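Okay, structure22.cif is below, mmCIF, C-alpha atoms:
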data_protein
loop_
_atom_site.group_PDB
_atom_site.id
_atom_site.type_symbol
_atom_site.label_atom_id
_atom_site.label_comp_id
_atom_site.auth_asym_id
_atom_site.auth_seq_id
_atom_site.Cartn_x
_atom_site.Cartn_y
_atom_site.Cartn_z
ATOM 1 C CA MET A 8 117.278 -101.850 21.478
ATOM 2 C CA GLU A 9 118.999 -100.846 24.692
ATOM 3 C CA GLY A 10 121.594 -98.444 26.039
ATOM 4 C CA GLN A 11 124.654 -97.919 23.886
ATOM 5 C CA SER A 12 123.328 -99.425 20.648
ATOM 6 C CA MET A 13 120.105 -97.429 20.973
ATOM 7 C CA ILE A 14 121.906 -94.117 21.514
ATOM 8 C CA GLU A 15 124.220 -94.842 18.575
ATOM 9 C CA SER A 16 121.196 -95.262 16.321
ATOM 10 C CA LEU A 17 119.724 -92.004 17.663
ATOM 11 C CA THR A 18 122.901 -89.925 17.296
ATOM 12 C CA VAL A 19 123.822 -87.720 14.347
ATOM 13 C CA ASP A 20 126.996 -85.730 13.790
ATOM 14 C CA VAL A 21 127.006 -81.950 13.847
ATOM 15 C CA ILE A 22 126.929 -81.683 10.039
ATOM 16 C CA GLU A 23 123.729 -83.742 9.847
ATOM 17 C CA ALA A 24 122.244 -81.858 12.823
ATOM 18 C CA ARG A 25 122.906 -78.518 11.123
ATOM 19 C CA LYS A 26 121.111 -79.803 7.997
ATOM 20 C CA VAL A 27 118.122 -80.917 10.089
ATOM 21 C CA VAL A 28 117.885 -77.513 11.786
ATOM 22 C CA ALA A 29 118.402 -75.673 8.476
ATOM 23 C CA SER A 30 115.446 -77.623 7.062
ATOM 24 C CA GLY A 31 113.191 -76.038 9.683
ATOM 25 C CA ARG A 32 113.322 -78.627 12.453
ATOM 26 C CA ARG A 33 113.827 -77.473 16.010
ATOM 27 C CA TYR A 34 116.844 -77.662 18.315
ATOM 28 C CA LEU A 35 116.285 -78.581 21.974
ATOM 29 C CA ASP A 36 119.111 -77.505 24.275
ATOM 30 C CA VAL A 37 119.065 -79.469 27.552
ATOM 31 C CA ARG A 38 121.681 -77.441 29.449
ATOM 32 C CA LEU A 39 120.900 -75.473 32.604
ATOM 33 C CA PRO A 40 119.268 -72.095 31.848
ATOM 34 C CA GLU A 41 122.271 -70.048 32.994
ATOM 35 C CA VAL A 42 124.587 -71.993 30.674
ATOM 36 C CA PHE A 43 122.085 -71.745 27.813
ATOM 37 C CA GLU A 44 121.831 -67.972 28.271
ATOM 38 C CA ALA A 45 125.608 -67.617 28.018
ATOM 39 C CA GLY A 46 125.406 -68.823 24.401
ATOM 40 C CA HIS A 47 123.174 -71.034 22.292
ATOM 41 C CA VAL A 48 122.096 -71.893 18.766
ATOM 42 C CA GLU A 49 119.788 -69.253 17.298
ATOM 43 C CA GLY A 50 116.155 -70.292 17.772
ATOM 44 C CA ALA A 51 117.005 -73.047 20.259
ATOM 45 C CA ILE A 52 114.479 -74.073 22.901
ATOM 46 C CA ASN A 53 115.858 -74.660 26.397
ATOM 47 C CA ILE A 54 114.447 -77.337 28.682
ATOM 48 C CA SER A 55 117.006 -78.442 31.240
ATOM 49 C CA PHE A 56 117.534 -82.189 31.675
ATOM 50 C CA TYR A 57 118.892 -81.566 35.177
ATOM 51 C CA SER A 58 117.225 -79.284 37.692
ATOM 52 C CA SER A 59 120.509 -78.844 39.539
ATOM 53 C CA VAL A 60 124.150 -79.755 39.044
ATOM 54 C CA THR A 61 126.747 -79.524 41.816
ATOM 55 C CA PRO A 62 130.156 -81.147 42.209
ATOM 56 C CA GLU A 63 128.455 -83.682 44.495
ATOM 57 C CA GLU A 64 125.415 -84.596 42.394
ATOM 58 C CA LYS A 65 123.216 -84.060 39.382
ATOM 59 C CA VAL A 66 119.490 -83.898 40.067
ATOM 60 C CA LYS A 67 117.348 -84.866 37.103
ATOM 61 C CA ASN A 68 114.490 -82.539 36.193
ATOM 62 C CA PRO A 69 111.452 -84.680 37.148
ATOM 63 C CA GLN A 70 109.267 -82.753 34.674
ATOM 64 C CA PHE A 71 111.650 -83.037 31.712
ATOM 65 C CA VAL A 72 109.614 -85.373 29.501
ATOM 66 C CA GLN A 73 106.371 -83.571 30.362
ATOM 67 C CA GLN A 74 107.898 -80.168 29.554
ATOM 68 C CA VAL A 75 109.201 -81.464 26.224
ATOM 69 C CA SER A 76 105.770 -82.983 25.488
ATOM 70 C CA GLU A 77 104.185 -79.548 25.897
ATOM 71 C CA LEU A 78 106.311 -78.156 23.023
ATOM 72 C CA PHE A 79 107.036 -81.167 20.800
ATOM 73 C CA GLY A 80 104.801 -83.887 19.400
ATOM 74 C CA LYS A 81 105.827 -87.544 19.579
ATOM 75 C CA ASP A 82 106.250 -87.558 15.768
ATOM 76 C CA ASP A 83 108.186 -84.268 15.534
ATOM 77 C CA GLU A 84 111.735 -84.488 14.241
ATOM 78 C CA PHE A 85 114.131 -82.470 16.384
ATOM 79 C CA ILE A 86 117.720 -82.310 17.566
ATOM 80 C CA VAL A 87 118.699 -82.639 21.232
ATOM 81 C CA ALA A 88 121.992 -81.145 22.354
ATOM 82 C CA CYS A 89 123.887 -79.992 25.407
ATOM 83 C CA ASN A 90 127.383 -78.556 25.743
ATOM 84 C CA SER A 91 129.529 -81.551 24.767
ATOM 85 C CA GLY A 92 127.059 -84.337 23.990
ATOM 86 C CA VAL A 93 126.956 -86.363 27.210
ATOM 87 C CA ARG A 94 123.823 -84.961 28.844
ATOM 88 C CA SER A 95 121.936 -84.924 25.556
ATOM 89 C CA LYS A 96 122.537 -88.679 25.160
ATOM 90 C CA LEU A 97 120.667 -89.294 28.408
ATOM 91 C CA ALA A 98 117.921 -86.846 27.471
ATOM 92 C CA THR A 99 117.512 -88.418 24.024
ATOM 93 C CA LEU A 100 117.228 -91.895 25.529
ATOM 94 C CA ASP A 101 114.556 -90.698 27.969
ATOM 95 C CA LEU A 102 112.608 -89.070 25.142
ATOM 96 C CA ALA A 103 112.885 -92.108 22.859
ATOM 97 C CA ASN A 104 111.748 -94.353 25.706
ATOM 98 C CA ALA A 105 108.801 -91.985 26.257
ATOM 99 C CA GLY A 106 107.707 -92.512 22.637
ATOM 100 C CA PHE A 107 109.358 -89.663 20.732
ATOM 101 C CA LYS A 108 109.974 -91.354 17.386
ATOM 102 C CA ASN A 109 112.185 -88.841 15.545
ATOM 103 C CA VAL A 110 114.386 -87.381 18.254
ATOM 104 C CA LYS A 111 118.116 -87.211 17.447
ATOM 105 C CA ASN A 112 121.052 -86.600 19.745
ATOM 106 C CA MET A 113 123.745 -84.306 18.333
ATOM 107 C CA ALA A 114 127.229 -85.702 18.946
ATOM 108 C CA GLY A 115 129.627 -83.130 20.348
ATOM 109 C CA GLY A 116 126.934 -80.719 21.553
ATOM 110 C CA TYR A 117 127.039 -76.941 21.335
ATOM 111 C CA LEU A 118 130.848 -76.994 21.290
ATOM 112 C CA ALA A 119 130.787 -79.004 18.052
ATOM 113 C CA TRP A 120 128.136 -76.639 16.621
ATOM 114 C CA LYS A 121 130.316 -73.593 17.338
ATOM 115 C CA LYS A 122 133.391 -75.321 15.885
ATOM 116 C CA ALA A 123 131.475 -76.187 12.695
ATOM 117 C CA GLU A 124 130.193 -72.620 12.512
ATOM 118 C CA SER A 125 133.711 -71.169 12.775
ATOM 119 C CA GLU A 126 135.037 -73.666 10.210
ATOM 120 C CA GLU A 127 132.254 -72.621 7.806
ATOM 121 C CA ALA A 128 133.212 -68.986 8.336
ATOM 122 C CA LEU A 129 136.842 -69.761 7.524
ATOM 123 C CA VAL A 130 135.896 -71.617 4.342
ATOM 124 C CA GLY A 131 133.511 -68.816 3.375
ATOM 125 C CA SER A 132 136.202 -66.158 3.785
ATOM 126 C CA ASN A 133 138.601 -67.882 1.385
#
Before anything else, please render the file you have as structure tokens.
Amino acid sequence: MEGQSMIESLTVDVIEARKVVASGRRYLDVRLPEVFEAGHVEGAINISFYSSVTPEEKVKNPQFVQQVSELFGKDDEFIVACNSGVRSKLATLDLANAGFKNVKNMAGGYLAWKKAESEEALVGSN
């Protein structure tokens, strides 16, 4: 499986991702540390997919897969997310290609998580 079809099979929506995390699985946030620190899912682990992002270029973190391997096993089930879902697609593909069998990209990223959280709060207050 390659590219687009592979990422589609590895992607879950925010509702499914929230269920996975609620069941005790971990959430890997691949945003830059300063963005992560500005707001993130409770209990999230941050390993940046890029080591630097400027208007001119994005420099991939050359240690990304190794850093993830230090905290996650190849059979661990976990969610990968970023801010809007683009960066996490690339990170998820890299991890799957490195042999992580149960890694899932969360469509929509942290923005979708926060939206789902606020929608739950609205439903809960009615």
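Going from atom CA of A:Ala103 to atom CA of A:Val72 covers 10.0 Å.
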Run the PyMOL selection byres ((chain A and resi 104) around 12) mentally over the shown coordinates, then write out the matched residues as a PDB file with C-alpha atoms, in the coordinates of the input, using the chain letters and numbers from the document.
ATOM      1  CA  MET A   8     117.278-101.850  21.478  1.00  0.00           C
ATOM      2  CA  GLU A   9     118.999-100.846  24.692  1.00  0.00           C
ATOM      3  CA  GLY A  10     121.594 -98.444  26.039  1.00  0.00           C
ATOM      4  CA  MET A  13     120.105 -97.429  20.973  1.00  0.00           C
ATOM      5  CA  ILE A  14     121.906 -94.117  21.514  1.00  0.00           C
ATOM      6  CA  LEU A  17     119.724 -92.004  17.663  1.00  0.00           C
ATOM      7  CA  VAL A  72     109.614 -85.373  29.501  1.00  0.00           C
ATOM      8  CA  LYS A  81     105.827 -87.544  19.579  1.00  0.00           C
ATOM      9  CA  LEU A  97     120.667 -89.294  28.408  1.00  0.00           C
ATOM     10  CA  ALA A  98     117.921 -86.846  27.471  1.00  0.00           C
ATOM     11  CA  THR A  99     117.512 -88.418  24.024  1.00  0.00           C
ATOM     12  CA  LEU A 100     117.228 -91.895  25.529  1.00  0.00           C
ATOM     13  CA  ASP A 101     114.556 -90.698  27.969  1.00  0.00           C
ATOM     14  CA  LEU A 102     112.608 -89.070  25.142  1.00  0.00           C
ATOM     15  CA  ALA A 103     112.885 -92.108  22.859  1.00  0.00           C
ATOM     16  CA  ALA A 105     108.801 -91.985  26.257  1.00  0.00           C
ATOM     17  CA  GLY A 106     107.707 -92.512  22.637  1.00  0.00           C
ATOM     18  CA  PHE A 107     109.358 -89.663  20.732  1.00  0.00           C
ATOM     19  CA  LYS A 108     109.974 -91.354  17.386  1.00  0.00           C
ATOM     20  CA  ASN A 109     112.185 -88.841  15.545  1.00  0.00           C
ATOM     21  CA  VAL A 110     114.386 -87.381  18.254  1.00  0.00           C
TER      22      VAL A 110
END
>> Measuring between only C-alpha atoms, which one of A:Met113, A:Leu39, A:Gly31, A:Glu23 shows the shortest distance to A:Val66?
In response: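 Of the candidates, the smallest distance to A:Val66 is held by A:Leu39.
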> Taking the file as shown, what set of residues would the PyMOL selection byres ((chain A and resi 56) around 6) give back, as an NGL selection string?
Replying inline: :A and (37 or 55 or 57 or 68 or 71)
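The spacing separating atom CA of A:Phe79 from atom CA of A:Val19 amounts to 19.1 Å.
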>> Here's a test: counting all atoms listed in the file, identify every protein, DNA and RNA residue with an atom at most 12 Å from (120.7, -83.5, 10.8) in the file's coordinate frame, and state them as a count of residues only.
In response: 30
